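Structure first, then comments.
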Amino acid sequence: MRTERGRLTALYGSLLLLAGGGLVALVYVMVGQGLYASVSGAVRTVSPAYVLPSPGASPGQLLKPRPPYEPAQRRPPGEAPTAEELKGYAYTQNLSDAVTEATRHRLLVYSLLALAVFAVLSIWLAWWMAGRVLRPVGVITGTARRLSGENLHERISLDAPPGELKELADTFDAMLGRMEQLVSAQRRFAANAAHELRTPLAVQRAAAEIGLAGDPPPEKVARIRAKLIGVADSSEHLIESLLLLAVSEQGLESTGPVDLAELAAAELAACPQAGLTVVRTFAPLVVTGDRVLLGHLLRNLLMNAVRHNRAEGRIAVSTSADGELTVCNTGPVIDPADVPGLLEPFRRRAERQHTAGEGAGLGLSIAASIARAHEAELTAGANPGPEGGLTVRVRFPVPGVARTSRTNRV
């Protein structure tokens with residue numbers, strides 16, 4: 001009884017035994033109620049002529065009927081039965097009672113024997129049935145025990161007809177797929193973060209060891225000093241971005257109504273727009289969330305649109321009453337297959353050049369994380385040529401407005 005199979009066996013066996021006992025009791029009662037009438041009717045439909053035993057017959061010798069049996073005749077109205085007929089009626093009634101009682105006893109004995117055999121078969125059948133039912137659970141348990149960070153690619157792939165256990169196994173497989181993606185993303189994040197942090201440290205070390213070796217002139221010291229300050233600023237920005245990404249992944253601590261149209265206008269005014277055409281379309285849009293994080297979301301999207309634009313390009317920023325924020329920019333033509341990767345940390349369209357103003361590749365991933373924290377849906381799509389660029393849409397939950405499914409969902 002300490003295992004699920006034992007408990008299921010007890011449950012199934014008890015149910016089968018109760019069903020068998022109820023059936024035996026029902027048959028016994030129904031047969032017992034109609035048995036006397038059936039026996040009595042069968043006995044009374046014939047009137048055998050009995051002969052007395054011979055004087056030399058042994059005591060207790062049974063009377064033998066004289067064949068053939070003669071059907072009982074209905075007496076004429078008003079005629080009283082004779083003493084011999086009354087004696088025959090009493091004999092018939094006693095015979096019916098004896099046959100009925102013997103039949104009931106025999107029926108009860110055989111019913112109890114059949115119930116005992118049925119109980120043994122029920123327990124065995126319940127044990128076998130519980131094993132068949134729990135076999136997929138054993139497969140799931142065995143797979144879960146074997147899983148580790150090195151073999152998350154394994155799947156249960158349960159071969160079974162549709163049902164609750166098949167749905168459970170498929171759900172477990174889907175969960176393993178998501179876990180594999182998350183573990184792979186974390187490994188890539190750790191490797192990329194280590195690489196991003198190691199590069200400025202290497203630059204600082206080289207500048208200090210090579211640039212300041214010997215007795216450098218003052219102008220060289222000033223140049224190395226500016227270089228070290230720039231590298232330190234870049235490292236500080238990277239660390240702040242990583243902290244912001246971690247904070248956004250933890251969810252929201254405090255929320256309130258935020259006018260997203262007003263916030264977008266303020267962030268757009270503070271964003272550098274040299275040589276770019278800006279199109280603003282702000283419809284009233286109030287969402288519930290963290291104003292600081294939403295400001296970072298808008299700032300990252302706008303900086304991404306400015307940084308990856310082209311000369312005399314265009315930026316379009318809009319909000320709509322149905323809860324959608326859109327940031328569209330021109331720029332290089334992007335392969336649509338590369339767009340989902342741009343939403344991951346440290347992923348860039350091109351290799352990093354380590355130039356001034358170059359980002360760390362965290363802007364879109366931070367925006368996606370902040371969108372998830374606000375239960376919003378961030379999607380990105382590549383714009384066709386010749387303008388190229390990227391269009392990012394963030395759809396916030398708005399009461400009374402149904403969500404629509406989109407591709408590249410985050």
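Going through the structure tokens in order, the chains are called A, B, and so on, while each chain numbers its residues from 1 and the ligands are numbered from 1 in the order shown.
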_For Gly32 (chain A), find every residue with an atom within 10 Å (counting only C-alpha atoms), except residues of its own chain fewer than 4 positions away, and show them as number ranges by chain._
A: 26-28, 36-37, 100-101, 103-104, 107
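Rounded to one decimal, CA of Val133 (chain A) and CA of Gly6 (chain A) lie 12.4 Å from each other.
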*Pick from A:Val231, A:Val317, A:Val183, A:Val306, whichever lies nearest to Ser148 (chain A) using only C-alpha atoms*: A:Val183
*Suppose you want the space between CA of Leu390 (chain A) and CA of Cys271 (chain A); what is it in Å?*
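Taking CA of Leu390 (chain A) and CA of Cys271 (chain A), their separation equals 17.8 Å.
If only C-alpha atoms are the atoms counted, then among A:Ala202, A:Val327, A:Leu8, A:Leu152 the closest residue to Ser184 (chain A) is A:Leu152.
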Write out as a PDB file with all heavy atoms, in the first residue's frame each polymer residue whose atoms come within 12 Å of Thr281 (chain A), counting only C-alpha atoms; drop sequence neighbours fewer than 4 positions from it.
ATOM      1  N   ALA A 261       2.292  57.078 -24.410  1.00  0.00           N
ATOM      2  CA  ALA A 261       2.469  58.063 -25.484  1.00  0.00           C
ATOM      3  C   ALA A 261       3.313  59.241 -24.996  1.00  0.00           C
ATOM      4  O   ALA A 261       4.241  59.698 -25.687  1.00  0.00           O
ATOM      5  CB  ALA A 261       1.104  58.541 -25.973  1.00  0.00           C
ATOM      6  N   GLU A 262       3.024  59.721 -23.783  1.00  0.00           N
ATOM      7  CA  GLU A 262       3.804  60.828 -23.231  1.00  0.00           C
ATOM      8  C   GLU A 262       5.242  60.405 -22.970  1.00  0.00           C
ATOM      9  O   GLU A 262       6.197  61.152 -23.253  1.00  0.00           O
ATOM     10  CB  GLU A 262       3.149  61.302 -21.933  1.00  0.00           C
ATOM     11  CG  GLU A 262       3.914  62.415 -21.222  1.00  0.00           C
ATOM     12  CD  GLU A 262       3.311  62.756 -19.870  1.00  0.00           C
ATOM     13  OE1 GLU A 262       2.219  62.220 -19.562  1.00  0.00           O
ATOM     14  OE2 GLU A 262       3.929  63.532 -19.128  1.00  0.00           O
ATOM     15  N   ALA A 264       6.928  58.030 -24.502  1.00  0.00           N
ATOM     16  CA  ALA A 264       7.613  57.852 -25.781  1.00  0.00           C
ATOM     17  C   ALA A 264       8.031  59.192 -26.365  1.00  0.00           C
ATOM     18  O   ALA A 264       9.132  59.325 -26.925  1.00  0.00           O
ATOM     19  CB  ALA A 264       6.706  57.101 -26.750  1.00  0.00           C
ATOM     20  N   ALA A 265       7.174  60.202 -26.247  1.00  0.00           N
ATOM     21  CA  ALA A 265       7.530  61.533 -26.751  1.00  0.00           C
ATOM     22  C   ALA A 265       8.721  62.104 -25.993  1.00  0.00           C
ATOM     23  O   ALA A 265       9.627  62.713 -26.590  1.00  0.00           O
ATOM     24  CB  ALA A 265       6.323  62.459 -26.644  1.00  0.00           C
ATOM     25  N   LEU A 268      11.877  60.175 -27.015  1.00  0.00           N
ATOM     26  CA  LEU A 268      12.253  60.516 -28.389  1.00  0.00           C
ATOM     27  C   LEU A 268      12.921  61.891 -28.451  1.00  0.00           C
ATOM     28  O   LEU A 268      13.867  62.105 -29.218  1.00  0.00           O
ATOM     29  CB  LEU A 268      11.016  60.472 -29.287  1.00  0.00           C
ATOM     30  CG  LEU A 268      11.246  60.658 -30.786  1.00  0.00           C
ATOM     31  CD1 LEU A 268      12.168  59.580 -31.331  1.00  0.00           C
ATOM     32  CD2 LEU A 268       9.908  60.639 -31.534  1.00  0.00           C
ATOM     33  N   LEU A 285      -2.419  56.133 -24.915  1.00  0.00           N
ATOM     34  CA  LEU A 285      -2.198  54.746 -24.499  1.00  0.00           C
ATOM     35  C   LEU A 285      -1.676  54.752 -23.068  1.00  0.00           C
ATOM     36  O   LEU A 285      -0.570  55.224 -22.799  1.00  0.00           O
ATOM     37  CB  LEU A 285      -1.198  54.044 -25.426  1.00  0.00           C
ATOM     38  CG  LEU A 285      -0.795  52.622 -25.010  1.00  0.00           C
ATOM     39  CD1 LEU A 285      -2.000  51.709 -24.912  1.00  0.00           C
ATOM     40  CD2 LEU A 285       0.244  52.057 -25.985  1.00  0.00           C
ATOM     41  N   ILE A 315      12.988  57.195 -38.908  1.00  0.00           N
ATOM     42  CA  ILE A 315      12.502  56.496 -37.710  1.00  0.00           C
ATOM     43  C   ILE A 315      11.028  56.831 -37.548  1.00  0.00           C
ATOM     44  O   ILE A 315      10.648  58.007 -37.591  1.00  0.00           O
ATOM     45  CB  ILE A 315      13.283  56.911 -36.446  1.00  0.00           C
ATOM     46  CG1 ILE A 315      14.753  56.555 -36.565  1.00  0.00           C
ATOM     47  CG2 ILE A 315      12.689  56.246 -35.201  1.00  0.00           C
ATOM     48  CD1 ILE A 315      15.577  57.013 -35.377  1.00  0.00           C
ATOM     49  N   ALA A 316      10.207  55.811 -37.345  1.00  0.00           N
ATOM     50  CA  ALA A 316       8.772  56.004 -37.116  1.00  0.00           C
ATOM     51  C   ALA A 316       8.415  55.411 -35.765  1.00  0.00           C
ATOM     52  O   ALA A 316       8.672  54.221 -35.513  1.00  0.00           O
ATOM     53  CB  ALA A 316       7.947  55.351 -38.229  1.00  0.00           C
ATOM     54  N   VAL A 317       7.838  56.255 -34.910  1.00  0.00           N
ATOM     55  CA  VAL A 317       7.433  55.826 -33.570  1.00  0.00           C
ATOM     56  C   VAL A 317       5.950  56.103 -33.429  1.00  0.00           C
ATOM     57  O   VAL A 317       5.490  57.215 -33.726  1.00  0.00           O
ATOM     58  CB  VAL A 317       8.221  56.555 -32.472  1.00  0.00           C
ATOM     59  CG1 VAL A 317       7.839  56.026 -31.103  1.00  0.00           C
ATOM     60  CG2 VAL A 317       9.715  56.423 -32.700  1.00  0.00           C
ATOM     61  N   SER A 318       5.201  55.088 -32.966  1.00  0.00           N
ATOM     62  CA  SER A 318       3.751  55.275 -32.854  1.00  0.00           C
ATOM     63  C   SER A 318       3.214  54.466 -31.692  1.00  0.00           C
ATOM     64  O   SER A 318       3.793  53.450 -31.282  1.00  0.00           O
ATOM     65  CB  SER A 318       3.049  54.846 -34.150  1.00  0.00           C
ATOM     66  OG  SER A 318       3.214  53.448 -34.370  1.00  0.00           O
ATOM     67  N   THR A 319       2.112  54.946 -31.148  1.00  0.00           N
ATOM     68  CA  THR A 319       1.330  54.220 -30.150  1.00  0.00           C
ATOM     69  C   THR A 319      -0.111  54.195 -30.623  1.00  0.00           C
ATOM     70  O   THR A 319      -0.573  55.121 -31.292  1.00  0.00           O
ATOM     71  CB  THR A 319       1.414  54.873 -28.763  1.00  0.00           C
ATOM     72  OG1 THR A 319       0.945  56.229 -28.856  1.00  0.00           O
ATOM     73  CG2 THR A 319       2.835  54.856 -28.234  1.00  0.00           C
ATOM     74  N   SER A 320      -0.820  53.139 -30.269  1.00  0.00           N
ATOM     75  CA  SER A 320      -2.219  53.011 -30.685  1.00  0.00           C
ATOM     76  C   SER A 320      -3.080  52.693 -29.478  1.00  0.00           C
ATOM     77  O   SER A 320      -2.598  52.177 -28.463  1.00  0.00           O
ATOM     78  CB  SER A 320      -2.374  51.919 -31.755  1.00  0.00           C
ATOM     79  OG  SER A 320      -1.964  50.668 -31.235  1.00  0.00           O
ATOM     80  N   ALA A 321      -4.359  52.987 -29.601  1.00  0.00           N
ATOM     81  CA  ALA A 321      -5.277  52.788 -28.484  1.00  0.00           C
ATOM     82  C   ALA A 321      -5.499  51.323 -28.162  1.00  0.00           C
ATOM     83  O   ALA A 321      -5.989  50.998 -27.074  1.00  0.00           O
ATOM     84  CB  ALA A 321      -6.621  53.459 -28.795  1.00  0.00           C
ATOM     85  N   GLU A 324      -0.634  48.948 -28.676  1.00  0.00           N
ATOM     86  CA  GLU A 324       0.557  48.596 -29.433  1.00  0.00           C
ATOM     87  C   GLU A 324       1.519  49.780 -29.546  1.00  0.00           C
ATOM     88  O   GLU A 324       1.122  50.885 -29.921  1.00  0.00           O
ATOM     89  CB  GLU A 324       0.174  48.103 -30.828  1.00  0.00           C
ATOM     90  CG  GLU A 324       1.359  47.573 -31.622  1.00  0.00           C
ATOM     91  CD  GLU A 324       0.925  46.902 -32.902  1.00  0.00           C
ATOM     92  OE1 GLU A 324       0.634  45.688 -32.869  1.00  0.00           O
ATOM     93  OE2 GLU A 324       0.837  47.587 -33.941  1.00  0.00           O
ATOM     94  N   LEU A 325       2.775  49.526 -29.231  1.00  0.00           N
ATOM     95  CA  LEU A 325       3.870  50.473 -29.428  1.00  0.00           C
ATOM     96  C   LEU A 325       4.719  49.963 -30.583  1.00  0.00           C
ATOM     97  O   LEU A 325       5.128  48.787 -30.584  1.00  0.00           O
ATOM     98  CB  LEU A 325       4.720  50.584 -28.163  1.00  0.00           C
ATOM     99  CG  LEU A 325       6.078  51.271 -28.311  1.00  0.00           C
ATOM    100  CD1 LEU A 325       5.914  52.770 -28.573  1.00  0.00           C
ATOM    101  CD2 LEU A 325       6.937  51.032 -27.061  1.00  0.00           C
ATOM    102  N   THR A 326       5.006  50.836 -31.557  1.00  0.00           N
ATOM    103  CA  THR A 326       5.755  50.433 -32.748  1.00  0.00           C
ATOM    104  C   THR A 326       6.938  51.364 -32.943  1.00  0.00           C
ATOM    105  O   THR A 326       6.784  52.596 -32.882  1.00  0.00           O
ATOM    106  CB  THR A 326       4.861  50.458 -33.999  1.00  0.00           C
ATOM    107  OG1 THR A 326       3.717  49.625 -33.787  1.00  0.00           O
ATOM    108  CG2 THR A 326       5.626  49.953 -35.214  1.00  0.00           C
ATOM    109  N   VAL A 327       8.110  50.784 -33.165  1.00  0.00           N
ATOM    110  CA  VAL A 327       9.320  51.535 -33.497  1.00  0.00           C
ATOM    111  C   VAL A 327       9.877  50.925 -34.779  1.00  0.00           C
ATOM    112  O   VAL A 327      10.260  49.741 -34.798  1.00  0.00           O
ATOM    113  CB  VAL A 327      10.368  51.476 -32.380  1.00  0.00           C
ATOM    114  CG1 VAL A 327      11.631  52.224 -32.798  1.00  0.00           C
ATOM    115  CG2 VAL A 327       9.808  52.062 -31.088  1.00  0.00           C
ATOM    116  N   CYS A 328       9.909  51.712 -35.846  1.00  0.00           N
ATOM    117  CA  CYS A 328      10.356  51.242 -37.150  1.00  0.00           C
ATOM    118  C   CYS A 328      11.506  52.128 -37.630  1.00  0.00           C
ATOM    119  O   CYS A 328      11.443  53.355 -37.499  1.00  0.00           O
ATOM    120  CB  CYS A 328       9.194  51.255 -38.155  1.00  0.00           C
ATOM    121  SG  CYS A 328       9.646  50.755 -39.830  1.00  0.00           S
TER     122      CYS A 328
END
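Across the structure, CA of Gly211 (chain A) and CA of Ala226 (chain A) are spaced 11.9 Å apart.
DSSP annotation of region 212-290 of chain A from backbone atoms: strand (DSSP E) residues are Gly256, Pro257, Val258, Asp259, Thr277, Val278, Val279, Arg280, Thr281, Phe282, Val286, Val287, Thr288 and Gly289 of chain A.
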Spatial neighbours of Ala274 (chain A), max dist 10 Å, only C-alpha atoms, sep filter under 5 positions, as a JSON list (two decimals) with N, CA, C and O atoms, in the first residue's frame:
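Okay, result09.json is ready:
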[["chain", "number", "residue", "atom", "x", "y", "z"],
["A", 306, "VAL", "N", 18.38, 54.24, -33.93],
["A", 306, "VAL", "CA", 19.32, 55.28, -34.37],
["A", 306, "VAL", "C", 20.66, 54.66, -34.73],
["A", 306, "VAL", "O", 21.27, 54.99, -35.77],
["A", 311, "ALA", "N", 22.47, 56.84, -43.23],
["A", 311, "ALA", "CA", 22.49, 58.29, -43.41],
["A", 311, "ALA", "C", 21.20, 58.76, -44.05],
["A", 311, "ALA", "O", 20.72, 58.17, -45.02],
["A", 312, "GLU", "N", 20.64, 59.84, -43.48],
["A", 312, "GLU", "CA", 19.38, 60.41, -43.95],
["A", 312, "GLU", "C", 18.27, 59.36, -43.95],
["A", 312, "GLU", "O", 17.40, 59.33, -44.81],
["A", 313, "GLY", "N", 18.31, 58.50, -42.94],
["A", 313, "GLY", "CA", 17.28, 57.48, -42.80],
["A", 313, "GLY", "C", 16.05, 57.99, -42.09],
["A", 313, "GLY", "O", 15.87, 59.20, -41.88]]
*What lies within 10 Å of Gly256 (chain A) using only C-alpha atoms, ignoring chain neighbours under 5 positions off, as a ChimeraX atom specification?*
/A:286-291
*Filtered DSSP result for region 141-318 of chain A, state helix (DSSP H, G or I), as number ranges by chain*: A: 141-146, 164-211, 218-249, 260-270, 291-307
_A:Gly20, A:Pro257, A:Gly385, A:Pro397 ranked by distance to Gly323 (chain A), top pick (using only C-alpha atoms)_ =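 When distances to Gly323 (chain A) are compared using only C-alpha atoms, the smallest one comes from A:Pro397.
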*Give me the residues within 12 Å of Ala130 (chain A) as an NGL selection string, counting only C-alpha atoms and dropping any in the same chain fewer than 6 places off.*
:A and (3-13 or 122-124 or 136-138)
_Applying 12 Å and only C-alpha atoms, which residues near Arg135 (chain A) remain after dropping the ones on its own chain fewer than 5 positions away? List them as a ChimeraX atom specification._
/A:4-5,128-130,140-142,158-160,165-166,169
Can I get the selection written as an mmCIF file, in the first residue's frame, with C-alpha atoms?
data_model
loop_
_atom_site.group_PDB
_atom_site.id
_atom_site.type_symbol
_atom_site.label_atom_id
_atom_site.label_comp_id
_atom_site.auth_asym_id
_atom_site.auth_seq_id
_atom_site.Cartn_x
_atom_site.Cartn_y
_atom_site.Cartn_z
ATOM 1 C CA GLU A 4 0.616 3.810 -6.280
ATOM 2 C CA ARG A 5 0.286 0.384 -7.854
ATOM 3 C CA TRP A 128 -2.117 -6.178 -13.880
ATOM 4 C CA MET A 129 -4.356 -3.262 -14.817
ATOM 5 C CA ALA A 130 -2.610 -0.898 -12.383
ATOM 6 C CA ILE A 140 8.447 9.409 -17.426
ATOM 7 C CA THR A 141 10.109 8.811 -14.040
ATOM 8 C CA GLY A 142 13.018 6.951 -15.607
ATOM 9 C CA LEU A 158 5.595 8.005 -25.403
ATOM 10 C CA ASP A 159 3.991 5.629 -27.901
ATOM 11 C CA ALA A 160 0.472 5.426 -26.533
ATOM 12 C CA LEU A 165 -0.906 10.151 -19.746
ATOM 13 C CA LYS A 166 -0.036 10.759 -23.397
ATOM 14 C CA ALA A 169 4.287 12.879 -21.602
#
_Among the residues A:Gly363, A:Gly177, A:Pro336, A:Gly214, the one that comes closest to Leu301 (chain A) [using only C-alpha atoms]_ = A:Gly363
